[in-house]
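Some notes on the structure that comes next.
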There are 2 protein chains.
Amino acid sequence: MARASESPRYVAIAAEIRDTITNERLDPHTPIASERDLSERHGVSRMTARHALALLESEGFVYRRPPHGTFVSEPRVAFHIASFSDEISRLGRTPGAVVLWAEERKPTRSVREALGLTANATVHALQRLRSADGEPIAIETTYVPAALTPGLLEQDLGGSLWAVLREEYTVLAVSATASIQSVVIDDDACKLLGVRSASAGMLLTRRTYDADGRAIEFARDIYRADRASFEVEALIPAPR
Amino acid sequence: MARASESPRYVAIAAEIRDTITNERLDPHTPIASERDLSERHGVSRMTARHALALLESEGFVYRRPPHGTFVSEPRVAFHIASFSDEISRLGRTPGAVVLWAEERKPTRSVREALGLTANATVHALQRLRSADGEPIAIETTYVPAALTPGLLEQDLGGSLWAVLREEYTVLAVSATASIQSVVIDDDACKLLGVRSASAGMLLTRRTYDADGRAIEFARDIYRADRASFEVEALIPAPR
DNA sequence: CAGTGGTCTAGACCACTGG
DNA sequence: CAGTGGTCTAGACCACTGG
């Protein structure tokens, strides 16, 4: 039944749980009542209790871990547009990188244009799962002009890519332009990141340049929206 | 029933609609089949059809407009960290600002620290609904040191705030630091923005400085996630 | 008044996990 | 084997809108 000027029951139940988490300062990973518990306690059907938990999950307050239950979430990590490894280290955590795939290939049109490559240039393309203290945080898909970095794919890519570019190829990342938007994470990526299907993500699309203004990297990174925020600085253009 | 190695039915139905929107290049605001139509056509309950549409809505592919139906969404707007008015004008659209409230007050601790104010300083606080061609895009909540801008609240705030600061107070915004994160928009803000309850948003928290490095503005802006992306530039710090 | 999405019920079976 | 979340059914009544 719809109620004029009253909250739907799932909203009220979610509010009660949200308040409990906030006011009692529940630790991350503390269990929340199960859907069946909630439905009994509030005298609603399980679908309605479920709706309340789904709302809290979309807000990042709780996460589900079937078949164990529903738990309080951890707060998020603040990123600068910089080396993932450096950002995680700065927070006193241990960065990780697992190479999912890596190959030399012809770039797609959008990658070619982003890197300013000629029609027959190739790129080193790689995808890595990035983590902090073993917790998956982001999936990075990176494209580097192959001419700039011969043999890159034989290097150890389990750490900072920018460090490899710097130390093995004397290529130094000095500036970047990026676009940040909110997305829904696709199923394969959700599995890799250990989040539920269709979770919210932040898509960071980045072009990185060296001191000569040469494009040295193009990347599309998917961050867990519940674990990341981005810190940016900007110079304001003069008024028109 | 769960099906090993098969998609749930709501995912399959959503995929079919998503493909139709993409492949047939359906125009924004084109109607999608109703929940009852979908349930009949696919031989599922209405709750399952509804689940499919809820998934597409969370992805930004469709929007609901009760009791009219469900429709194809518009693509999003790319913002730089700059004047909202300038950004919208740059795209050839007409910016709008409606003042929701404006008052002089004692700042909260977080606002005071962000602006670097002394304990007894006051701020001009205002909240505005920003739009492009009349379409609501963001809610800006802005704090300006009152000592810097006497009489600000009596000015016309229906346009660019930075223009007022520049022209009436000779205060020029030259740089900003910002944080961008994904949030769920609260109910009151959803109503103002004309989006459904608990929609995804981007929270931009910004400090703006003049040429002397003086903090001239602190703002918390909520953007519709389905309508905005943020373009940023960054200088990469030297390796540690 | 027909049709829409919003909310809700009272069930059901499923895969999966840990004890 | 008890308990969890995931999916699904076949209904219901509601407020609201436009013709």
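Starting from 1 in every chain, residues are counted up; chains themselves are A, B, ... following the order of the structure tokens, and ligands are numbered from 1 as listed.
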
Using only C-alpha atoms, tabulate the residues of chain B lying at most 9 Å from any atom of chain A, each with its closest atom pair and that distance in Å to one decimal, by chain and increasing residue number, as JSON lines.
```
{"residue": "B:Leu55", "atom": "CA", "partner": "A:Ala198", "partner_atom": "CA", "distance": 7.6}
{"residue": "B:Ser58", "atom": "CA", "partner": "A:Val184", "partner_atom": "CA", "distance": 7.2}
{"residue": "B:Glu59", "atom": "CA", "partner": "A:Val184", "partner_atom": "CA", "distance": 5.4}
{"residue": "B:Gly60", "atom": "CA", "partner": "A:Val183", "partner_atom": "CA", "distance": 8.2}
{"residue": "B:Ala78", "atom": "CA", "partner": "A:Ser179", "partner_atom": "CA", "distance": 8.2}
{"residue": "B:Phe79", "atom": "CA", "partner": "A:Ser179", "partner_atom": "CA", "distance": 9.0}
{"residue": "B:His80", "atom": "CA", "partner": "A:Ala234", "partner_atom": "CA", "distance": 8.7}
{"residue": "B:Ile81", "atom": "CA", "partner": "A:Ala234", "partner_atom": "CA", "distance": 6.4}
{"residue": "B:Ala82", "atom": "CA", "partner": "A:Ile236", "partner_atom": "CA", "distance": 5.8}
{"residue": "B:Ser83", "atom": "CA", "partner": "A:Ile236", "partner_atom": "CA", "distance": 8.2}
{"residue": "B:Asp86", "atom": "CA", "partner": "A:Arg240", "partner_atom": "CA", "distance": 8.1}
{"residue": "B:Ala163", "atom": "CA", "partner": "A:Pro239", "partner_atom": "CA", "distance": 8.2}
{"residue": "B:Ala173", "atom": "CA", "partner": "A:Ile236", "partner_atom": "CA", "distance": 6.6}
{"residue": "B:Val174", "atom": "CA", "partner": "A:Ile236", "partner_atom": "CA", "distance": 4.8}
{"residue": "B:Ser175", "atom": "CA", "partner": "A:Leu235", "partner_atom": "CA", "distance": 4.3}
{"residue": "B:Ala176", "atom": "CA", "partner": "A:Ala234", "partner_atom": "CA", "distance": 5.2}
{"residue": "B:Thr177", "atom": "CA", "partner": "A:Glu233", "partner_atom": "CA", "distance": 4.2}
{"residue": "B:Ala178", "atom": "CA", "partner": "A:Val232", "partner_atom": "CA", "distance": 5.1}
{"residue": "B:Ser179", "atom": "CA", "partner": "A:Glu231", "partner_atom": "CA", "distance": 4.3}
{"residue": "B:Ile180", "atom": "CA", "partner": "A:Phe230", "partner_atom": "CA", "distance": 5.0}
{"residue": "B:Gln181", "atom": "CA", "partner": "A:Ser229", "partner_atom": "CA", "distance": 4.6}
{"residue": "B:Ser182", "atom": "CA", "partner": "A:Ala225", "partner_atom": "CA", "distance": 5.8}
{"residue": "B:Val183", "atom": "CA", "partner": "A:Glu59", "partner_atom": "CA", "distance": 6.7}
{"residue": "B:Val184", "atom": "CA", "partner": "A:Glu59", "partner_atom": "CA", "distance": 5.4}
{"residue": "B:Ile185", "atom": "CA", "partner": "A:Glu59", "partner_atom": "CA", "distance": 8.8}
{"residue": "B:Ala198", "atom": "CA", "partner": "A:Leu55", "partner_atom": "CA", "distance": 7.6}
{"residue": "B:Ala200", "atom": "CA", "partner": "A:Ser182", "partner_atom": "CA", "distance": 8.0}
{"residue": "B:Gly201", "atom": "CA", "partner": "A:Ser182", "partner_atom": "CA", "distance": 7.9}
{"residue": "B:Met202", "atom": "CA", "partner": "A:Ser182", "partner_atom": "CA", "distance": 7.3}
{"residue": "B:Ala225", "atom": "CA", "partner": "A:Ser182", "partner_atom": "CA", "distance": 5.8}
{"residue": "B:Asp226", "atom": "CA", "partner": "A:Ser182", "partner_atom": "CA", "distance": 7.6}
{"residue": "B:Ala228", "atom": "CA", "partner": "A:Gln181", "partner_atom": "CA", "distance": 7.1}
{"residue": "B:Ser229", "atom": "CA", "partner": "A:Gln181", "partner_atom": "CA", "distance": 4.6}
{"residue": "B:Phe230", "atom": "CA", "partner": "A:Ile180", "partner_atom": "CA", "distance": 5.0}
{"residue": "B:Glu231", "atom": "CA", "partner": "A:Ser179", "partner_atom": "CA", "distance": 4.3}
{"residue": "B:Val232", "atom": "CA", "partner": "A:Ala178", "partner_atom": "CA", "distance": 5.1}
{"residue": "B:Glu233", "atom": "CA", "partner": "A:Thr177", "partner_atom": "CA", "distance": 4.2}
{"residue": "B:Ala234", "atom": "CA", "partner": "A:Ala176", "partner_atom": "CA", "distance": 5.2}
{"residue": "B:Leu235", "atom": "CA", "partner": "A:Ser175", "partner_atom": "CA", "distance": 4.3}
{"residue": "B:Ile236", "atom": "CA", "partner": "A:Val174", "partner_atom": "CA", "distance": 4.8}
{"residue": "B:Pro237", "atom": "CA", "partner": "A:Val174", "partner_atom": "CA", "distance": 7.3}
{"residue": "B:Ala238", "atom": "CA", "partner": "A:Val174", "partner_atom": "CA", "distance": 7.7}
{"residue": "B:Pro239", "atom": "CA", "partner": "A:Ala163", "partner_atom": "CA", "distance": 8.1}
{"residue": "B:Arg240", "atom": "CA", "partner": "A:Asp86", "partner_atom": "CA", "distance": 8.2}
```

Quick one: which residues from chain D are at most 7 Å off chain B, using only C-alpha atoms (C1' of nucleotides), as an NGL selection string? :D and (7-9 or 16-17)

With N, CA and C atoms (P, O5', C5', C4', C3', O3' and C1' of nucleotides) kept, could you save the residues just selected as a PDB file, in the first residue's frame?
```
ATOM      1  P    DT D   7      20.098 -12.375  -8.335  1.00  0.00           P
ATOM      2  O5'  DT D   7      18.813 -13.292  -8.523  1.00  0.00           O
ATOM      3  C5'  DT D   7      18.965 -14.563  -9.118  1.00  0.00           C
ATOM      4  C4'  DT D   7      17.630 -15.255  -9.181  1.00  0.00           C
ATOM      5  C3'  DT D   7      16.560 -14.486  -9.955  1.00  0.00           C
ATOM      6  O3'  DT D   7      16.218 -15.265 -11.092  1.00  0.00           O
ATOM      7  C1'  DT D   7      15.705 -15.397  -7.916  1.00  0.00           C
ATOM      8  P    DC D   8      15.295 -14.653 -12.233  1.00  0.00           P
ATOM      9  O5'  DC D   8      13.830 -14.956 -11.694  1.00  0.00           O
ATOM     10  C5'  DC D   8      13.430 -16.304 -11.542  1.00  0.00           C
ATOM     11  C4'  DC D   8      12.101 -16.375 -10.823  1.00  0.00           C
ATOM     12  C3'  DC D   8      11.026 -15.405 -11.323  1.00  0.00           C
ATOM     13  O3'  DC D   8      10.219 -16.095 -12.276  1.00  0.00           O
ATOM     14  C1'  DC D   8      10.953 -15.839  -8.944  1.00  0.00           C
ATOM     15  P    DT D   9       8.847 -15.424 -12.818  1.00  0.00           P
ATOM     16  O5'  DT D   9       7.780 -15.902 -11.749  1.00  0.00           O
ATOM     17  C5'  DT D   9       7.663 -17.300 -11.449  1.00  0.00           C
ATOM     18  C4'  DT D   9       6.472 -17.529 -10.556  1.00  0.00           C
ATOM     19  C3'  DT D   9       5.187 -16.850 -11.030  1.00  0.00           C
ATOM     20  O3'  DT D   9       4.137 -17.794 -10.992  1.00  0.00           O
ATOM     21  C1'  DT D   9       5.653 -16.231  -8.793  1.00  0.00           C
ATOM     22  P    DC D  16      -1.112  11.576  -5.211  1.00  0.00           P
ATOM     23  O5'  DC D  16      -0.959  11.499  -6.792  1.00  0.00           O
ATOM     24  C5'  DC D  16       0.254  10.981  -7.330  1.00  0.00           C
ATOM     25  C4'  DC D  16       0.068  10.761  -8.819  1.00  0.00           C
ATOM     26  C3'  DC D  16      -0.676  11.892  -9.541  1.00  0.00           C
ATOM     27  O3'  DC D  16       0.249  12.529 -10.398  1.00  0.00           O
ATOM     28  C1'  DC D  16      -1.366   9.734 -10.277  1.00  0.00           C
ATOM     29  P    DT D  17      -0.105  13.909 -11.076  1.00  0.00           P
ATOM     30  O5'  DT D  17      -0.415  13.470 -12.573  1.00  0.00           O
ATOM     31  C5'  DT D  17       0.587  12.807 -13.332  1.00  0.00           C
ATOM     32  C4'  DT D  17      -0.051  12.272 -14.585  1.00  0.00           C
ATOM     33  C3'  DT D  17      -0.829  13.317 -15.369  1.00  0.00           C
ATOM     34  O3'  DT D  17      -0.057  13.653 -16.515  1.00  0.00           O
ATOM     35  C1'  DT D  17      -2.019  11.235 -15.189  1.00  0.00           C
TER      36       DT D  17
END
```

Residue set, range 20-224 of chain B restricted to alpha helix (DSSP H), as a PyMOL selection string: chain B and resi 20-23+35-42+46-59+84-90+109-115+161-169+187-193

All strand (DSSP E) positions in chain A, as a VMD selection string: chain A and resid 31 to 32 62 to 65 69 to 72 77 to 80 95 to 105 123 to 132 135 to 145 175 to 184 200 to 209 215 to 224 228 to 235

Write to file, as a compact mmCIF listing (two decimals), in the first residue's frame, the residues of the selection just made, with C-alpha atoms.
```
# COMPACT_ATOMS: atom_id res chain seq x y z
CA PRO A 31 27.03 -8.57 10.66
CA ILE A 32 23.62 -7.01 9.97
CA VAL A 62 26.56 -2.58 3.78
CA TYR A 63 27.76 -5.38 1.54
CA ARG A 64 26.36 -8.88 0.97
CA ARG A 65 28.45 -12.01 1.13
CA GLY A 69 25.06 -12.64 5.36
CA THR A 70 25.12 -8.87 5.15
CA PHE A 71 27.84 -6.78 6.80
CA VAL A 72 28.86 -3.18 7.54
CA VAL A 77 40.16 5.54 -0.10
CA ALA A 78 41.01 9.03 -1.44
CA PHE A 79 43.02 8.89 -4.69
CA HIS A 80 45.00 11.57 -6.44
CA PRO A 95 49.74 -2.01 -3.20
CA GLY A 96 49.27 -5.07 -5.40
CA ALA A 97 48.98 -5.71 -9.14
CA VAL A 98 47.98 -8.94 -10.84
CA VAL A 99 48.33 -9.00 -14.64
CA LEU A 100 45.10 -10.35 -16.13
CA TRP A 101 46.34 -10.20 -19.69
CA ALA A 102 49.03 -8.41 -21.69
CA GLU A 103 49.67 -8.33 -25.43
CA GLU A 104 50.92 -6.25 -28.31
CA ARG A 105 48.15 -5.31 -30.70
CA VAL A 123 50.44 -0.65 -28.60
CA HIS A 124 51.27 -2.72 -25.59
CA ALA A 125 47.91 -3.38 -23.95
CA LEU A 126 47.52 -4.84 -20.50
CA GLN A 127 44.88 -5.27 -17.87
CA ARG A 128 45.72 -5.48 -14.19
CA LEU A 129 43.75 -5.99 -11.00
CA ARG A 130 44.97 -3.47 -8.43
CA SER A 131 44.63 -4.03 -4.71
CA ALA A 132 45.45 -2.56 -1.30
CA GLU A 135 41.66 -6.09 -1.17
CA PRO A 136 40.70 -5.53 -4.83
CA ILE A 137 40.15 -1.82 -5.55
CA ALA A 138 40.39 -1.23 -9.30
CA ILE A 139 40.83 -2.81 -12.72
CA GLU A 140 43.26 -0.88 -14.92
CA THR A 141 43.34 -1.31 -18.68
CA THR A 142 46.44 0.42 -20.00
CA TYR A 143 47.76 1.18 -23.49
CA VAL A 144 51.35 2.27 -24.13
CA PRO A 145 52.83 3.00 -27.58
CA SER A 175 51.12 15.32 -16.39
CA ALA A 176 47.77 13.76 -17.12
CA THR A 177 44.29 14.65 -18.25
CA ALA A 178 41.45 12.53 -16.99
CA SER A 179 37.71 12.14 -17.08
CA ILE A 180 35.80 10.77 -14.11
CA GLN A 181 32.31 9.42 -14.33
CA SER A 182 29.97 7.15 -12.46
CA VAL A 183 29.27 3.77 -14.09
CA VAL A 184 27.75 0.42 -13.36
CA ALA A 200 28.48 1.28 -8.76
CA GLY A 201 31.92 2.19 -10.06
CA MET A 202 33.96 5.23 -11.00
CA LEU A 203 35.42 5.14 -14.51
CA LEU A 204 38.68 7.07 -14.72
CA THR A 205 39.80 7.62 -18.32
CA ARG A 206 43.34 8.99 -18.35
CA ARG A 207 45.93 10.26 -20.81
CA THR A 208 49.44 10.61 -19.41
CA TYR A 209 52.18 12.80 -20.90
CA ALA A 215 51.36 10.89 -24.85
CA ILE A 216 52.96 7.93 -23.08
CA GLU A 217 49.91 6.11 -21.76
CA PHE A 218 46.17 5.85 -22.18
CA ALA A 219 44.19 4.07 -19.50
CA ARG A 220 40.63 3.15 -18.61
CA ASP A 221 40.43 2.31 -14.93
CA ILE A 222 37.35 1.05 -13.11
CA TYR A 223 37.36 1.79 -9.38
CA ARG A 224 34.94 0.45 -6.82
CA ALA A 228 37.47 5.28 -3.83
CA SER A 229 37.23 9.03 -4.07
CA PHE A 230 39.36 11.29 -6.28
CA GLU A 231 41.22 14.38 -5.18
CA VAL A 232 41.92 16.88 -7.94
CA GLU A 233 43.42 20.32 -8.35
CA ALA A 234 42.50 22.77 -11.06
CA LEU A 235 43.51 26.15 -12.40
```

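Here CA of Asp133 in chain A is placed at a distance of 24.9 Å from CA of Leu153 in chain A.
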
Counting only C-alpha atoms (C1' of nucleotides), the option among B:Ala211, B:Leu152, B:Ile21, B:Ala54 closest to DG5 in chain C: B:Ala54
